[in-house]
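Engineer: Here it is, the structure, as structure tokens.
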Amino acid sequence: MDTRKMHFPDSLWSKGGRRRTSVVNDNSSMEAYSLDKVEQVADDEIEERFWLPVTENAYGAFIHTALQTNVLRAILFCGPMLTASVVLQLIFSLELLLALPSIQQQKQESCTNSGTLIDCVQPLCHIPSPLQIAALGVFIILMFNNVPNMYRHAQMALMTTRWKNGTGQIMQIEKPLGSRMIIFILGVWTEVVTFSAILISGSLFIITAKTVDLVIRSTVAIMFVQNVDEVVFDACCPQEITQEVGSTRYRVKWLVLIPMMPQDLSISLEYYYGLFFHLPFVFIITVCVVFTIRWIGPVPCNDVWWGL
């Protein structure tokens with residue numbers, strides 16, 4: 001009797017202790033499972049950032065078709081789009097560049113005689129500097145939006161070895177180096193050439209514009225030329241290729257800005273650069289370009305800031 005009384009509390013305590021321990025262990029297991037699940041979701045989200053589509057334009061359609069099938073089929077189905085985009089963009093940009101007056105000509109004084117008064121102005125310097133800075137800054141920001149797309153296309157053309165369709169099925173890409181170089185030259189290098197031509201001619205067009213309204217209209221006009229490849233894609237691309245371009249993703253490598261930099265740090269650097277530094281960086285470049293152009297040469301602008 002006494003023995004049972006003495007052992008009963010010990011037995012009850014031991015059972016209760018085992019129950020409490022099992023509850024603690026269950027809670028720990030649930031917390032560990034939750035942490036593992038959160039980490040897995042985070043890893044999946046990071047991994048998903050490496051699966052990217054081609055840009056929906058003539059260049060992206062050519063790269064996609066060449067990677068999915070072969071270069072000959074890409075030239076057959078997407079070559080006309082690609083040729084039209086390159087030719088139109090080069091014609092617009094080069095003809096504009098050749099037709100523009102030189103910066104020194106725009107800084108020469110032009111005098112008009114209005115009876116008893118002679119009014120002399122410098123066409124380039126007559127435009128307020130803040131307007132030139134704003135127009136050129138907007139133009140550069142819009143143009144630089146294409147740089148990540150061109151870098152992504154270069155990665156896909158030269159290094160991508162996997163792609164997945166809309167259902168998530170992952171497949172391999174096996175292309176010899178010669179085919180990849182052809183894809184890079186036709187699908188990426190041509191876009192770099194047209195991009196550079198439009199950037200140079202558009203910047204000079206904005207800087208040398210003679211009137212305020214022409215400064216504003218020049219920015220819109222040049223961006224239309226930049227988007228010709230998208231217009232041609234929407235108008236001429238076969239429906240089957242259009243759907244495939246929108247649903248297909250390619251595995252790309254992350255751009256490491258500094259050698260030996262960890263990938264997580266590179267991603268964070270890109271995030272904070274886009275959040276805090278990109279717009280000030282573009283503004284500083286634009287201000288330096290505008291003021292340098294208005295200062296250089298034997299005929300500097302009389303009023304550097306307002307141009308009035």
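Ordering of the structure tokens sets the chain letters (A, B, ...); residue numbers start at 1 within each chain; ligands are numbered from 1 in the order shown.
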For range 202-217 of chain A, please output as a ChimeraX atom specification all residues within 12 Å (counting only C-alpha atoms; exclusion window: fewer than 5 positions along the same chain).
Structural biologist: /A:89,92-108,110,121-143,194-197,222-226,286-287,289-294,307
Engineer: Do you know which residues are at most 8 Å from Cys78 in chain A counting only C-alpha atoms, after dropping those on the same chain fewer than 6 positions away, and could you put them as a list in words?
Structural biologist: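 Final neighbour list, sorted by chain and number: Ala58, Ala61, Phe62, Thr65 and Cys237 of chain A.
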Engineer: Could you tell me which of A:Leu82, A:Ile63, A:Leu90, A:Ile267 comes closest to Arg49 in chain A if we count only C-alpha atoms?
Structural biologist: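 Checking each candidate against Arg49 in chain A, we get A:Ile267 as the closest.
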Engineer: Using only C-alpha atoms, which residue out of A:Asn70, A:Ser85, A:Asn145, A:Thr190 lies closest to Cys236 in chain A?
Structural biologist: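 So, comparing all the options, the nearest one is A:Ser85.
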Engineer: Could you tell me, as an NGL selection string, which residues of range 114-181 of chain A DSSP assigns to strand (DSSP E or B) when given the backbone?
Structural biologist: :A and (114 or 117-121 or 162-164 or 170-172)
Engineer: For Asn146 in chain A, which residue out of A:Leu177, A:Leu67, A:Asp229, A:Pro262 is the nearest one, using only C-alpha atoms?
Structural biologist: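 Closest candidate: A:Asp229.
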Engineer: Give me the residues within 7 Å of range 54-57 of chain A as an mmCIF file with N, CA and C atoms, in the first residue's frame, counting only C-alpha atoms and dropping any in the same chain fewer than 5 places off.
Structural biologist:
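The resulting file, selection.cif, is reproduced below:
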```cif
data_model
loop_
_atom_site.group_PDB
_atom_site.id
_atom_site.type_symbol
_atom_site.label_atom_id
_atom_site.label_comp_id
_atom_site.auth_asym_id
_atom_site.auth_seq_id
_atom_site.Cartn_x
_atom_site.Cartn_y
_atom_site.Cartn_z
ATOM 1 N N HIS A 64 14.996 33.132 -79.387
ATOM 2 C CA HIS A 64 14.163 32.022 -78.905
ATOM 3 C C HIS A 64 14.034 30.930 -79.958
ATOM 4 N N ASN A 149 18.121 43.842 -70.798
ATOM 5 C CA ASN A 149 17.584 42.897 -71.780
ATOM 6 C C ASN A 149 18.672 42.421 -72.734
ATOM 7 N N HIS A 153 19.954 38.608 -73.155
ATOM 8 C CA HIS A 153 20.004 37.926 -74.458
ATOM 9 C C HIS A 153 21.397 37.371 -74.740
ATOM 10 N N ASP A 229 11.424 47.743 -83.039
ATOM 11 C CA ASP A 229 11.534 46.280 -82.989
ATOM 12 C C ASP A 229 10.322 45.635 -82.323
ATOM 13 N N GLU A 230 9.745 46.311 -81.334
ATOM 14 C CA GLU A 230 8.546 45.791 -80.690
ATOM 15 C C GLU A 230 7.322 45.935 -81.595
ATOM 16 N N PHE A 233 7.550 43.237 -84.148
ATOM 17 C CA PHE A 233 7.230 41.948 -83.519
ATOM 18 C C PHE A 233 5.723 41.774 -83.382
ATOM 19 N N VAL A 245 7.239 32.549 -76.963
ATOM 20 C CA VAL A 245 8.111 33.570 -76.362
ATOM 21 C C VAL A 245 7.583 34.003 -75.007
#
```
Engineer: Can you tell me how far CA of Phe50 in chain A sits from CA of Thr167 in chain A, in Å to one decimal?
Structural biologist: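 About the pair CA of Phe50 in chain A and CA of Thr167 in chain A: they are 16.9 Å apart.
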Engineer: So that I can see what lies close to Ile173 in chain A, please list as a PyMOL selection string the residues with an atom at most 9 Å from it, counting only C-alpha atoms and leaving out residues fewer than 5 positions away in the same chain.
Structural biologist: chain A and resi 67-68+160-163
Engineer: What does the distance between CA of Leu52 in chain A and CA of Val252 in chain A come to in Å, to one decimal place?
Structural biologist: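 It comes out at 7.2 Å.
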Engineer: Would you mind reading off the distance between CA of Gly246 in chain A and CA of Asp264 in chain A, one decimal, in Å?
Structural biologist: 28.0 Å
Engineer: Measuring between only C-alpha atoms, which one of A:Ser201, A:Asp234, A:Cys301, A:Gly187 shows the shortest distance to Thr219 in chain A?
Structural biologist: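 With only C-alpha atoms as the atom set, the closest residue is A:Ser201.
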Engineer: Apply DSSP to the backbone of this structure and, from range 208-300 of chain A, keep only the residues in helix (DSSP H, G or I); write these as number ranges by chain.
Structural biologist: A: 212-226, 228-236, 239-247, 263-295
Engineer: Contacts of Asn165 in chain A at 9 Å or less, counting only C-alpha atoms, minus same-chain residues fewer than 6 places along, as a PDB file with C-alpha atoms, in the first residue's frame?
Structural biologist:
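The resulting file, out-v2.pdb, is shown below:
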```
ATOM      1  CA  MET A 171      14.703  20.584 -70.894  1.00  0.00           C
ATOM      2  CA  GLU A 244       6.105  30.407 -77.028  1.00  0.00           C
ATOM      3  CA  SER A 247       5.599  31.194 -71.864  1.00  0.00           C
ATOM      4  CA  THR A 248       9.200  29.945 -72.180  1.00  0.00           C
ATOM      5  CA  ARG A 249      11.824  30.666 -69.489  1.00  0.00           C
TER       6      ARG A 249
END
```
